[in-house]
Amino acid sequence: MSADAQAEVIARLLKPRSVAIIGASGDPQKTSGRPAAYLRKHGYAGKIFPVNPKLDRIGEWPCYPDIASLPEIPDVAMVLLGAERAHEAVRELAAIGTPCAIVLASGYGETGEIGAARQAQLREAAGSMRILGPNTIGLVNLTDGIVLSPSGALEMDQFPVGHIGVVSQSGGILGSLLSRAAARGLGLSKLISTSNEVDLELSDFINALVDDPATRVIALYIESIRHPHTFREAALRARRAGKPIVAFKIGRSEAGARAAVSHTGALAGSDRMYDALFQQTGVIRAQAFSDLLDISAALATGRVLHGKRIAILTSTGGAGTLVSDSLGLLGFETPAPDAATAAALRALQTGDHAALDRNPIDVTLAGLQPTLLRSILKVLLASPSYDALTIIVGSSGVAQPELMAGAIQECLPLSDKPVLAYISPHAPAATSILTQSGVPAFVSAESCAAAFAGMWHVQQWSAPDTEAATAHADVVTTDLPTGPMNEAQAKQLFSRFGVRCTRELEVSTPEQAEQAARSLDGPVVLKLLSSTVTHKSDVGGVAVGLTAEQVGQRLQRMCTDVETATGAKPDRFLVQEMVSGGSEWILGMHRDPLGVAILLGQGGVTAELFKDTTLRLLPTEGGLGRAEALAMAQSLKCWPLLNGYRGRPKADVNALVDAIVAFSNMAAQLGERLVEAEINPLFVLPEGQGVCAADGVATLR
């Protein structure tokens with residue numbers, strides 16, 4: 001199916017002219033009776049075709065005995081049958097040419113092997129017909145008053161309609177978000193539950209919401225991304241269209257790559273991979289479930305945050321401090337007003353009850369009256385000192401929230417600066433009234449800060465460098481062994497792709513070790529050479545700073561230490577030049593269902609202790625470009641160590657960038673053949689001296 005044809009089918013799913021309800025009940029209290037009742041309750045004006053062989057009518061509609069008896073082909077069919085029969089209805093619907101079916105039944109892939117087989121059967125029965133679900137709660141199109149769902153949240157009589165589209169992989173969470181948004185006066189546009197995603201999935205609906213003129217912001221509740229490539233394309237398309245995506249990803253505590261032998265596997269982890277994917281596609285990650293709606297509410301205003309200076313207008317001093325602290329923790333500033341702004345504020349003061357020339361701007365004793373509020377807002381919105389404004393509503397303001405909302409709303413057209421509100425007491429009505437007036441209102445100081453952080457992310461994010469690494473199609477790797485490599489073999493692989501490695505010689509006896517040390521002419525490192533022992537220092541398999549006179553005796557002692565620790569007597573060692581004068585880094589690759597990522601961070605034996613690392617997913621073709629490689633290094637806390645921190649010599653950043661690009665190109669060229677690879681440490685030497693890989697692991701299929 002072409003992209004245009006697919007978009008047309010999804011458009012009909014979201015706005016059908018006719019709906020068939022297979023397995024409809026005449027009892028609106030039952031799950032199977034709710035869809036028809038909810039469609040009518042919420043104003044659906046299209047055709048409804050209930051199907052149930054036991055009933056002649058359901059409410060005002062004729063009831064049809066089977067699918068073959070339908071008077072016309074419906075745009076959408078809701079299948080309310082159990083999992084053991086749903087596929088039969090799906091097959092019949094596909095046979096008559098129904099474009100799309102919503103399958104609500106559970107008992108599919110989420111239940112195990114038998115359910116997975118049932119899900120495959122359902123997909124086969126659908127043929128070219130599109131499926132939403134199974135195990136879904138359906139969808140709600142608030143823009144057009146179309147509810148294709150039995151969710152109990154739809155018992156509410158009215159919902160505020162707005163500009164936030166929601167896609168959730170959990171049906172229950174969809175109902176939760178719908179009811180939570182309604183309670184706070186936050187308008188949504190569309191809500192879709194994709195659940196098991198036997199066919200239609202997250203990316204399909206991201207694209208649909210990008211095309212939806214009623215949607216400004218896309219909110220996602222994610223359990224897992226089954227199709228990373230299409231997600232990446234859809235997310236980038238949304239950003240290009242100016243529609244930010246806010247995502248809450250559940251399962252952050254899952255440990256990734258438990259069996260990985262390298263540091264990289266432990267440091268990457270599945271959740272870190274999601275961070276990398278979101279960062280590279282401009283998706284704002286909600287750190288708390290409440291942030292999903294909070295950040296989306298701020299973004300839906302369409303206002304732009306051009307800087308990080310926030311004015312706080314408060315009628316309660318303690319709450320002002322709460323907001324100021326929360327903003328400070330996320331890197332925002334709350335500066336005092338400039339002289340002109342302070343003078344304009346003081347001119348509004350009729351007594352000595354308010355503190356209008358500092359920030360927070362405190363009118364606690366004066367009381368936040370609408371006339372005073374309007375005047376202060378006009379000054380702050382015009383002030384060059386501030387990029388945004390937070391209004392704190394205390395108990396005095398809650399008494400007449402309409403007056404406050406009206407005063408604020410009157411001032412909004414004067415500026416495009418973001419204006420948020422924090423409702424200090426528990427006052428749901430005030431929260432709802434302000435939100436519906438165009439001022440997103442929050443019930444916690446932390447939510448205000450998170451909302452501003454989301455707005456700042458949108459303003460600061462730029463698409464990643466699309467320049468691909470230079471291909472090295474002529475690199476020969478067919479002679480390398482499969483399975484885990486020892487250090488020498490791994491570094492041979494890295495050097496073929498352009499990463500400089502240490503000079504070293506393989507030895508087996510004390511005499512060979514002494515001869516090797518003399519040929520390297522300087523202090524050397526003696527290492528156990530093994531494809532099975534990765535963390536050599538843990539078993540006594542590393543000794544540094546040895547002279548030619550010391551290395552033979554040290555080899556004999558190492559034999560004893562390693563045998564004691566592992567139970568196996570070693571017979572191969574490396575004598576390696578000793579690298580000094582640089583900082584230690586880790587450069588690795590990690591394979592995950594989301595894709596292949598390159599990891600960079602502070603290395604050495606403390607890599608897992610400090611965990612100062614960053615990840616970048618490889619593009620669909622080729623390795624990373626130089627700009628992206630440099631951005632990786634600059635994003636780390638330890639970047640100053642490369643950039644001349646406290647008088648240190650500047651490091652050879654260009655050589656580090658070259659190494660990252662070469663390493664990523666290796667991962668791209670080898671593809672599925674490369675199971676894992678890591679250089680640790682990668683010494684980054686002073687400017688002009690390059691980099692040097694001092695240790696490494698790799699595994700080839």
# chains A, B, ... in the order shown; residues from 1 in each chain; ligands from 1

call {"tool": "residues_around", "arguments": {"residues": "segment 140-155 of chain A", "least_positions_apart": "6", "cutoff": "6 Å", "atoms": "only C-alpha atoms", "output": "list in words"}}
result
Thr31, Arg34, Pro35, Leu39, His42, Gly43, Tyr44, Val161, Gly175, Ser179, Ser189, Lys190 and Leu191 of chain A

call {"tool": "write_last_selection", "arguments": {"atoms": "all heavy atoms", "output": "mmCIF file, in the first residue's frame"}}
result
data_model
loop_
_atom_site.group_PDB
_atom_site.id
_atom_site.type_symbol
_atom_site.label_atom_id
_atom_site.label_comp_id
_atom_site.auth_asym_id
_atom_site.auth_seq_id
_atom_site.Cartn_x
_atom_site.Cartn_y
_atom_site.Cartn_z
ATOM 1 N N THR A 31 -19.580 -3.798 28.325
ATOM 2 C CA THR A 31 -18.515 -3.272 27.465
ATOM 3 C C THR A 31 -18.953 -3.271 26.012
ATOM 4 O O THR A 31 -18.708 -2.300 25.276
ATOM 5 C CB THR A 31 -17.235 -4.106 27.637
ATOM 6 O OG1 THR A 31 -16.792 -4.025 28.995
ATOM 7 C CG2 THR A 31 -16.131 -3.605 26.721
ATOM 8 N N ARG A 34 -21.350 -0.319 25.145
ATOM 9 C CA ARG A 34 -20.943 1.075 25.309
ATOM 10 C C ARG A 34 -20.612 1.806 24.004
ATOM 11 O O ARG A 34 -20.952 2.988 23.862
ATOM 12 C CB ARG A 34 -19.728 1.153 26.242
ATOM 13 C CG ARG A 34 -20.032 0.806 27.680
ATOM 14 C CD ARG A 34 -18.746 0.840 28.479
ATOM 15 N NE ARG A 34 -18.925 0.344 29.838
ATOM 16 C CZ ARG A 34 -17.926 0.026 30.635
ATOM 17 N NH1 ARG A 34 -16.674 0.150 30.205
ATOM 18 N NH2 ARG A 34 -18.154 -0.421 31.848
ATOM 19 N N PRO A 35 -19.920 1.169 23.036
ATOM 20 C CA PRO A 35 -19.514 1.943 21.858
ATOM 21 C C PRO A 35 -20.663 2.658 21.155
ATOM 22 O O PRO A 35 -20.555 3.851 20.838
ATOM 23 C CB PRO A 35 -18.855 0.886 20.958
ATOM 24 C CG PRO A 35 -18.302 -0.111 21.917
ATOM 25 C CD PRO A 35 -19.330 -0.193 23.005
ATOM 26 N N LEU A 39 -21.049 6.702 21.061
ATOM 27 C CA LEU A 39 -21.080 7.412 19.789
ATOM 28 C C LEU A 39 -22.246 8.396 19.754
ATOM 29 O O LEU A 39 -22.096 9.558 19.361
ATOM 30 C CB LEU A 39 -21.180 6.416 18.632
ATOM 31 C CG LEU A 39 -19.869 5.741 18.197
ATOM 32 C CD1 LEU A 39 -20.148 4.542 17.308
ATOM 33 C CD2 LEU A 39 -18.964 6.735 17.477
ATOM 34 N N HIS A 42 -21.882 11.380 22.441
ATOM 35 C CA HIS A 42 -20.907 12.428 22.156
ATOM 36 C C HIS A 42 -21.079 13.032 20.764
ATOM 37 O O HIS A 42 -20.173 13.711 20.264
ATOM 38 C CB HIS A 42 -19.494 11.892 22.359
ATOM 39 C CG HIS A 42 -19.201 11.581 23.801
ATOM 40 N ND1 HIS A 42 -18.990 12.563 24.747
ATOM 41 C CD2 HIS A 42 -19.131 10.396 24.475
ATOM 42 C CE1 HIS A 42 -18.774 12.004 25.927
ATOM 43 N NE2 HIS A 42 -18.861 10.684 25.792
ATOM 44 N N GLY A 43 -22.232 12.779 20.137
ATOM 45 C CA GLY A 43 -22.608 13.558 18.962
ATOM 46 C C GLY A 43 -22.179 13.025 17.619
ATOM 47 O O GLY A 43 -22.146 13.788 16.644
ATOM 48 N N TYR A 44 -21.875 11.732 17.512
ATOM 49 C CA TYR A 44 -21.492 11.193 16.208
ATOM 50 C C TYR A 44 -22.664 11.298 15.242
ATOM 51 O O TYR A 44 -23.773 10.851 15.534
ATOM 52 C CB TYR A 44 -21.048 9.736 16.346
ATOM 53 C CG TYR A 44 -20.686 9.074 15.032
ATOM 54 C CD1 TYR A 44 -19.632 9.562 14.267
ATOM 55 C CD2 TYR A 44 -21.386 7.968 14.566
ATOM 56 C CE1 TYR A 44 -19.278 8.962 13.071
ATOM 57 C CE2 TYR A 44 -21.046 7.356 13.378
ATOM 58 C CZ TYR A 44 -19.994 7.860 12.627
ATOM 59 O OH TYR A 44 -19.653 7.257 11.441
ATOM 60 N N VAL A 161 -11.822 20.451 24.125
ATOM 61 C CA VAL A 161 -11.181 20.106 22.858
ATOM 62 C C VAL A 161 -9.992 21.038 22.659
ATOM 63 O O VAL A 161 -10.108 22.252 22.844
ATOM 64 C CB VAL A 161 -12.173 20.238 21.689
ATOM 65 C CG1 VAL A 161 -11.491 19.913 20.363
ATOM 66 C CG2 VAL A 161 -13.373 19.323 21.909
ATOM 67 N N GLY A 175 -7.384 6.122 28.761
ATOM 68 C CA GLY A 175 -8.501 6.620 29.563
ATOM 69 C C GLY A 175 -8.040 7.508 30.698
ATOM 70 O O GLY A 175 -8.680 8.512 31.025
ATOM 71 N N SER A 179 -9.192 11.478 31.118
ATOM 72 C CA SER A 179 -9.889 11.994 32.297
ATOM 73 C C SER A 179 -9.045 13.027 33.040
ATOM 74 O O SER A 179 -9.566 14.032 33.540
ATOM 75 C CB SER A 179 -10.264 10.838 33.231
ATOM 76 O OG SER A 179 -9.118 10.108 33.625
ATOM 77 N N SER A 189 -6.908 16.644 21.181
ATOM 78 C CA SER A 189 -7.485 16.563 19.841
ATOM 79 C C SER A 189 -7.870 15.130 19.497
ATOM 80 O O SER A 189 -9.038 14.833 19.222
ATOM 81 C CB SER A 189 -6.501 17.113 18.808
ATOM 82 O OG SER A 189 -5.263 16.414 18.844
ATOM 83 N N LYS A 190 -6.906 14.223 19.518
ATOM 84 C CA LYS A 190 -7.145 12.820 19.202
ATOM 85 C C LYS A 190 -6.436 11.967 20.251
ATOM 86 O O LYS A 190 -5.382 12.345 20.766
ATOM 87 C CB LYS A 190 -6.579 12.452 17.818
ATOM 88 C CG LYS A 190 -6.869 13.428 16.684
ATOM 89 C CD LYS A 190 -8.289 13.405 16.251
ATOM 90 C CE LYS A 190 -8.525 14.184 14.963
ATOM 91 N NZ LYS A 190 -8.243 15.625 15.038
ATOM 92 N N LEU A 191 -7.021 10.798 20.573
ATOM 93 C CA LEU A 191 -6.377 9.820 21.452
ATOM 94 C C LEU A 191 -6.502 8.457 20.797
ATOM 95 O O LEU A 191 -7.606 8.033 20.436
ATOM 96 C CB LEU A 191 -7.022 9.785 22.837
ATOM 97 C CG LEU A 191 -6.993 11.077 23.661
ATOM 98 C CD1 LEU A 191 -8.309 11.834 23.485
ATOM 99 C CD2 LEU A 191 -6.786 10.755 25.143
#

call {"tool": "select_by_dssp", "arguments": {"residues": "segment 507-596 of chain A", "states": "strand (DSSP E)", "output": "list in words"}}
result
Val507, Val524, Val525, Leu526, Lys527, Leu528, Val542, Ala543, Val544, Gly545, Leu546, Phe573, Leu574, Val575, Gln576, Glu577, Ser583, Glu584, Trp585, Ile586, Leu587, Gly588, Met589, His590, Arg591, Asp592, Gly595 and Val596 of chain A

call {"tool": "atom_distance", "arguments": {"atom1": "atom CA of Val246 of chain A", "atom2": "atom CA of Gly165 of chain A"}}
result
10.3 Å

call {"tool": "closest_residue", "arguments": {"among": "A:Ala488, A:Ile312, A:Leu70, A:Ile225", "to": "Ala336 of chain A", "atoms": "only C-alpha atoms"}}
result
A:Ile312

call {"tool": "residues_around", "arguments": {"residues": "Phe231 of chain A", "least_positions_apart": "4", "cutoff": "12 Å", "atoms": "only C-alpha atoms", "output": "tab-separated table (two decimals) with all heavy atoms, in the first residue's frame"}}
result
chain	number	residue	atom	x	y	z
A	201	GLU	N	0.78	1.07	14.09
A	201	GLU	CA	1.63	1.27	15.26
A	201	GLU	C	1.94	2.74	15.46
A	201	GLU	O	1.43	3.60	14.76
A	201	GLU	CB	2.90	0.41	15.14
A	201	GLU	CG	3.60	0.49	13.81
A	201	GLU	CD	4.76	1.45	13.81
A	201	GLU	OE1	5.24	1.82	14.89
A	201	GLU	OE2	5.20	1.85	12.72
A	202	LEU	N	2.78	3.01	16.46
A	202	LEU	CA	3.08	4.39	16.86
A	202	LEU	C	3.36	5.31	15.68
A	202	LEU	O	2.79	6.39	15.56
A	202	LEU	CB	4.30	4.40	17.78
A	202	LEU	CG	4.13	4.04	19.24
A	202	LEU	CD1	5.50	4.01	19.92
A	202	LEU	CD2	3.22	5.00	19.96
A	203	SER	N	4.24	4.87	14.79
A	203	SER	CA	4.68	5.74	13.71
A	203	SER	C	3.55	6.11	12.77
A	203	SER	O	3.50	7.23	12.26
A	203	SER	CB	5.80	5.06	12.92
A	203	SER	OG	6.86	4.71	13.77
A	204	ASP	N	2.62	5.18	12.55
A	204	ASP	CA	1.48	5.47	11.68
A	204	ASP	C	0.68	6.66	12.22
A	204	ASP	O	0.24	7.53	11.47
A	204	ASP	CB	0.57	4.24	11.56
A	204	ASP	CG	1.25	3.09	10.85
A	204	ASP	OD1	1.78	3.30	9.75
A	204	ASP	OD2	1.25	1.97	11.40
A	205	PHE	N	0.50	6.68	13.52
A	205	PHE	CA	-0.34	7.72	14.10
A	205	PHE	C	0.44	9.00	14.37
A	205	PHE	O	-0.14	10.09	14.39
A	205	PHE	CB	-1.05	7.19	15.35
A	205	PHE	CG	-2.06	6.14	15.00
A	205	PHE	CD1	-1.79	4.80	15.22
A	205	PHE	CD2	-3.25	6.49	14.39
A	205	PHE	CE1	-2.70	3.83	14.87
A	205	PHE	CE2	-4.18	5.52	14.04
A	205	PHE	CZ	-3.91	4.18	14.27
A	206	ILE	N	1.76	8.89	14.57
A	206	ILE	CA	2.56	10.12	14.59
A	206	ILE	C	2.41	10.84	13.25
A	206	ILE	O	2.15	12.05	13.19
A	206	ILE	CB	4.04	9.81	14.88
A	206	ILE	CG1	4.21	9.29	16.31
A	206	ILE	CG2	4.90	11.06	14.68
A	206	ILE	CD1	5.61	8.78	16.61
A	207	ASN	N	2.55	10.09	12.17
A	207	ASN	CA	2.39	10.69	10.84
A	207	ASN	C	1.00	11.26	10.64
A	207	ASN	O	0.83	12.34	10.05
A	207	ASN	CB	2.70	9.65	9.76
A	207	ASN	CG	4.19	9.46	9.55
A	207	ASN	OD1	4.95	10.42	9.53
A	207	ASN	ND2	4.61	8.22	9.41
A	220	LEU	N	3.16	10.83	23.61
A	220	LEU	CA	3.27	9.39	23.44
A	220	LEU	C	3.46	8.69	24.78
A	220	LEU	O	4.30	9.11	25.58
A	220	LEU	CB	4.45	9.02	22.54
A	220	LEU	CG	4.53	9.67	21.16
A	220	LEU	CD1	5.81	9.22	20.45
A	220	LEU	CD2	3.31	9.33	20.32
A	222	ILE	N	4.78	5.15	25.81
A	222	ILE	CA	5.49	4.09	25.10
A	222	ILE	C	5.88	2.97	26.04
A	222	ILE	O	6.46	3.20	27.10
A	222	ILE	CB	6.76	4.66	24.43
A	222	ILE	CG1	6.39	5.74	23.40
A	222	ILE	CG2	7.57	3.56	23.77
A	222	ILE	CD1	7.59	6.44	22.80
A	224	SER	N	7.25	-0.04	24.30
A	224	SER	CA	8.43	-0.41	23.50
A	224	SER	C	8.22	0.09	22.08
A	224	SER	O	7.07	0.21	21.63
A	224	SER	CB	8.66	-1.93	23.50
A	224	SER	OG	7.59	-2.58	22.83
A	225	ILE	N	9.30	0.38	21.41
A	225	ILE	CA	9.23	0.80	20.01
A	225	ILE	C	9.58	-0.41	19.16
A	225	ILE	O	10.72	-0.86	19.14
A	225	ILE	CB	10.16	1.99	19.73
A	225	ILE	CG1	9.66	3.22	20.49
A	225	ILE	CG2	10.25	2.28	18.24
A	225	ILE	CD1	10.56	4.44	20.36
A	226	ARG	N	8.58	-0.94	18.48
A	226	ARG	CA	8.77	-2.18	17.72
A	226	ARG	C	9.44	-1.94	16.38
A	226	ARG	O	10.04	-2.86	15.82
A	226	ARG	CB	7.41	-2.86	17.53
A	226	ARG	CG	6.75	-3.29	18.83
A	226	ARG	CD	5.37	-3.90	18.57
A	226	ARG	NE	4.78	-4.47	19.78
A	226	ARG	CZ	4.01	-3.79	20.62
A	226	ARG	NH1	3.73	-2.52	20.38
A	226	ARG	NH2	3.49	-4.37	21.69
A	227	HIS	N	9.32	-0.74	15.85
A	227	HIS	CA	9.87	-0.44	14.52
A	227	HIS	C	10.70	0.84	14.60
A	227	HIS	O	10.22	1.92	14.24
A	227	HIS	CB	8.74	-0.31	13.49
A	227	HIS	CG	7.84	-1.50	13.46
A	227	HIS	ND1	8.20	-2.70	12.88
A	227	HIS	CD2	6.58	-1.69	13.95
A	227	HIS	CE1	7.21	-3.57	13.00
A	227	HIS	NE2	6.23	-2.98	13.65
A	235	ALA	N	9.25	10.69	13.72
A	235	ALA	CA	9.58	11.71	14.73
A	235	ALA	C	10.29	12.90	14.09
A	235	ALA	O	10.01	14.06	14.42
A	235	ALA	CB	10.44	11.09	15.83
A	236	LEU	N	11.22	12.63	13.19
A	236	LEU	CA	11.91	13.71	12.51
A	236	LEU	C	10.95	14.49	11.62
A	236	LEU	O	11.05	15.72	11.49
A	236	LEU	CB	13.08	13.17	11.69
A	236	LEU	CG	14.27	12.66	12.51
A	236	LEU	CD1	15.28	11.95	11.62
A	236	LEU	CD2	14.95	13.81	13.26
A	237	ARG	N	10.01	13.80	11.02
A	237	ARG	CA	9.00	14.49	10.20
A	237	ARG	C	8.16	15.42	11.06
A	237	ARG	O	7.84	16.54	10.66
A	237	ARG	CB	8.12	13.46	9.49
A	237	ARG	CG	7.03	14.06	8.61
A	237	ARG	CD	6.33	13.00	7.77
A	237	ARG	NE	5.28	13.60	6.98
A	237	ARG	CZ	3.99	13.53	7.25
A	237	ARG	NH1	3.56	12.84	8.31
A	237	ARG	NH2	3.09	14.12	6.48
A	238	ALA	N	7.82	14.97	12.26
A	238	ALA	CA	7.04	15.80	13.18
A	238	ALA	C	7.82	17.06	13.54
A	238	ALA	O	7.27	18.17	13.58
A	238	ALA	CB	6.67	15.02	14.42
A	245	ILE	N	7.18	16.40	19.92
A	245	ILE	CA	6.72	15.14	20.51
A	245	ILE	C	7.22	15.06	21.95
A	245	ILE	O	8.40	15.29	22.22
A	245	ILE	CB	7.24	13.93	19.72
A	245	ILE	CG1	6.66	13.92	18.30
A	245	ILE	CG2	6.90	12.62	20.44
A	245	ILE	CD1	7.20	12.80	17.44
A	274	TYR	N	17.02	4.29	24.49
A	274	TYR	CA	15.85	5.14	24.24
A	274	TYR	C	16.22	6.61	24.39
A	274	TYR	O	15.77	7.46	23.61
A	274	TYR	CB	14.71	4.76	25.18
A	274	TYR	CG	13.88	3.61	24.66
A	274	TYR	CD1	14.13	2.30	25.07
A	274	TYR	CD2	12.85	3.82	23.74
A	274	TYR	CE1	13.39	1.24	24.58
A	274	TYR	CE2	12.10	2.77	23.26
A	274	TYR	CZ	12.37	1.47	23.68
A	274	TYR	OH	11.64	0.42	23.18
A	277	LEU	N	17.88	7.56	21.16
A	277	LEU	CA	16.91	7.68	20.07
A	277	LEU	C	16.11	8.97	20.20
A	277	LEU	O	15.92	9.70	19.22
A	277	LEU	CB	15.98	6.46	20.06
A	277	LEU	CG	14.86	6.49	19.02
A	277	LEU	CD1	15.42	6.54	17.61
A	277	LEU	CD2	13.94	5.28	19.19
A	278	PHE	N	15.63	9.26	21.40
A	278	PHE	CA	14.85	10.47	21.60
A	278	PHE	C	15.70	11.72	21.35
A	278	PHE	O	15.24	12.69	20.73
A	278	PHE	CB	14.27	10.50	23.02
A	278	PHE	CG	13.25	9.44	23.29
A	278	PHE	CD1	13.00	9.00	24.59
A	278	PHE	CD2	12.52	8.85	22.27
A	278	PHE	CE1	12.05	8.03	24.86
A	278	PHE	CE2	11.57	7.87	22.52
A	278	PHE	CZ	11.34	7.45	23.82
A	280	GLN	N	18.26	12.08	19.41
A	280	GLN	CA	18.59	12.25	18.00
A	280	GLN	C	17.38	12.59	17.15
A	280	GLN	O	17.54	13.05	16.01
A	280	GLN	CB	19.29	11.00	17.47
A	280	GLN	CG	20.71	10.84	18.00
A	280	GLN	CD	21.36	9.56	17.55
A	280	GLN	OE1	21.45	8.60	18.31
A	280	GLN	NE2	21.82	9.52	16.32
A	281	THR	N	16.19	12.37	17.66
A	281	THR	CA	14.98	12.67	16.89
A	281	THR	C	14.22	13.87	17.43
A	281	THR	O	13.16	14.22	16.92
A	281	THR	CB	14.03	11.45	16.85
A	281	THR	OG1	13.77	11.02	18.19
A	281	THR	CG2	14.64	10.31	16.06
A	282	GLY	N	14.76	14.51	18.48
A	282	GLY	CA	14.13	15.71	19.02
A	282	GLY	C	12.94	15.44	19.91
A	282	GLY	O	12.20	16.37	20.24
A	283	VAL	N	12.75	14.19	20.32
A	283	VAL	CA	11.64	13.86	21.21
A	283	VAL	C	11.97	14.31	22.63
A	283	VAL	O	13.07	14.05	23.13
A	283	VAL	CB	11.35	12.34	21.19
A	283	VAL	CG1	10.32	11.96	22.24
A	283	VAL	CG2	10.88	11.92	19.80
A	594	LEU	N	16.68	-1.44	19.26
A	594	LEU	CA	16.49	-0.12	18.67
A	594	LEU	C	17.51	0.20	17.59
A	594	LEU	O	17.34	1.15	16.84
A	594	LEU	CB	16.56	0.96	19.75
A	594	LEU	CG	15.40	1.04	20.74
A	594	LEU	CD1	15.64	2.17	21.73
A	594	LEU	CD2	14.08	1.23	20.02
A	595	GLY	N	18.60	-0.55	17.53
A	595	GLY	CA	19.63	-0.29	16.54
A	595	GLY	C	21.02	-0.46	17.13
A	595	GLY	O	21.19	-1.01	18.22

call {"tool": "atom_distance", "arguments": {"atom1": "atom CA of Ser32 of chain A", "atom2": "atom CA of Arg57 of chain A"}}
result
14.5 Å

call {"tool": "select_by_dssp", "arguments": {"residues": "segment 29-183 of chain A", "states": "alpha helix (DSSP H)", "output": "PyMOL selection string"}}
result
chain A and resi 34-41+83-95+113-126+171-183

call {"tool": "closest_residue", "arguments": {"among": "A:Pro686, A:Pro619, A:Gly581, A:Gly454", "to": "Ala597 of chain A", "atoms": "only C-alpha atoms"}}
result
A:Pro619

call {"tool": "residues_around", "arguments": {"residues": "segment 663-678 of chain A", "least_positions_apart": "3", "cutoff": "7 Å", "atoms": "only C-alpha atoms", "output": "PDB file with C-alpha atoms, in the first residue's frame"}}
result
ATOM      1  CA  SER A 262      32.434  -5.356  27.779  1.00  0.00           C
ATOM      2  CA  THR A 264      29.824  -0.853  26.880  1.00  0.00           C
ATOM      3  CA  ALA A 469      31.361   8.679   7.591  1.00  0.00           C
ATOM      4  CA  ALA A 471      33.052   4.373   3.518  1.00  0.00           C
ATOM      5  CA  PHE A 497      39.602   0.750   9.920  1.00  0.00           C
ATOM      6  CA  LEU A 587      34.801   3.935  22.685  1.00  0.00           C
ATOM      7  CA  GLY A 588      32.370   1.107  22.089  1.00  0.00           C
ATOM      8  CA  MET A 589      29.433  -0.180  20.107  1.00  0.00           C
ATOM      9  CA  HIS A 590      26.239  -1.684  21.469  1.00  0.00           C
ATOM     10  CA  ILE A 598      28.305   4.132  19.412  1.00  0.00           C
ATOM     11  CA  GLY A 622      27.064   4.311   7.053  1.00  0.00           C
ATOM     12  CA  GLY A 623      28.727   5.522  10.214  1.00  0.00           C
ATOM     13  CA  LEU A 624      28.681   8.834  12.074  1.00  0.00           C
ATOM     14  CA  ALA A 659      38.742   7.572  15.730  1.00  0.00           C
ATOM     15  CA  ILE A 660      35.014   7.816  16.509  1.00  0.00           C
ATOM     16  CA  GLY A 696      40.062  -3.682  23.261  1.00  0.00           C
ATOM     17  CA  VAL A 697      37.575  -6.478  22.813  1.00  0.00           C
ATOM     18  CA  ALA A 698      35.552  -7.581  19.821  1.00  0.00           C
ATOM     19  CA  THR A 699      33.303 -10.470  18.879  1.00  0.00           C
ATOM     20  CA  LEU A 700      32.445 -11.489  15.318  1.00  0.00           C
ATOM     21  CA  ARG A 701      29.718 -13.892  14.304  1.00  0.00           C
TER      22      ARG A 701
END

call {"tool": "residues_around", "arguments": {"residues": "Pro99 of chain A", "least_positions_apart": "3", "cutoff": "9 Å", "atoms": "only C-alpha atoms", "output": "number ranges by chain"}}
result
A: 9-10, 12-13, 73-77, 93-94, 128-131

call {"tool": "write_last_selection", "arguments": {"atoms": "N, CA and C atoms", "output": "short mmCIF file (atom, residue, chain, number, x, y, z; two decimals), in the first residue's frame"}}
result
data_model
loop_
_atom_site.label_atom_id
_atom_site.label_comp_id
_atom_site.auth_asym_id
_atom_site.auth_seq_id
_atom_site.Cartn_x
_atom_site.Cartn_y
_atom_site.Cartn_z
N VAL A 9 -6.47 5.68 4.54
CA VAL A 9 -7.14 4.70 5.39
C VAL A 9 -7.15 5.17 6.84
N ILE A 10 -6.01 5.67 7.33
CA ILE A 10 -5.94 6.13 8.71
C ILE A 10 -6.83 7.35 8.91
N ARG A 12 -9.63 7.86 7.41
CA ARG A 12 -11.00 7.32 7.53
C ARG A 12 -11.22 6.65 8.87
N LEU A 13 -10.16 6.03 9.41
CA LEU A 13 -10.26 5.44 10.74
C LEU A 13 -10.53 6.52 11.79
N ILE A 73 -20.53 -1.06 2.88
CA ILE A 73 -19.21 -1.32 3.47
C ILE A 73 -18.89 -0.21 4.46
N PRO A 74 -18.67 -0.53 5.72
CA PRO A 74 -18.38 0.53 6.70
C PRO A 74 -16.96 1.05 6.54
N ASP A 75 -16.73 2.30 6.92
CA ASP A 75 -15.37 2.85 6.94
C ASP A 75 -14.53 2.16 8.00
N VAL A 76 -15.16 1.86 9.14
CA VAL A 76 -14.47 1.23 10.27
C VAL A 76 -15.40 0.21 10.89
N ALA A 77 -14.81 -0.90 11.34
CA ALA A 77 -15.58 -1.89 12.11
C ALA A 77 -14.92 -2.07 13.46
N LEU A 93 -14.86 -9.16 7.31
CA LEU A 93 -14.80 -7.73 7.05
C LEU A 93 -13.82 -7.42 5.93
N ALA A 94 -12.67 -8.09 5.93
CA ALA A 94 -11.69 -7.88 4.87
C ALA A 94 -12.27 -8.32 3.52
N SER A 128 -5.17 -7.28 3.42
CA SER A 128 -4.76 -5.89 3.21
C SER A 128 -5.54 -4.91 4.07
N MET A 129 -6.55 -5.39 4.80
CA MET A 129 -7.29 -4.51 5.70
C MET A 129 -6.40 -4.12 6.87
N ARG A 130 -6.46 -2.86 7.30
CA ARG A 130 -5.64 -2.40 8.40
C ARG A 130 -6.32 -2.72 9.73
N ILE A 131 -5.48 -3.00 10.73
CA ILE A 131 -5.97 -3.38 12.06
C ILE A 131 -5.41 -2.43 13.11
#
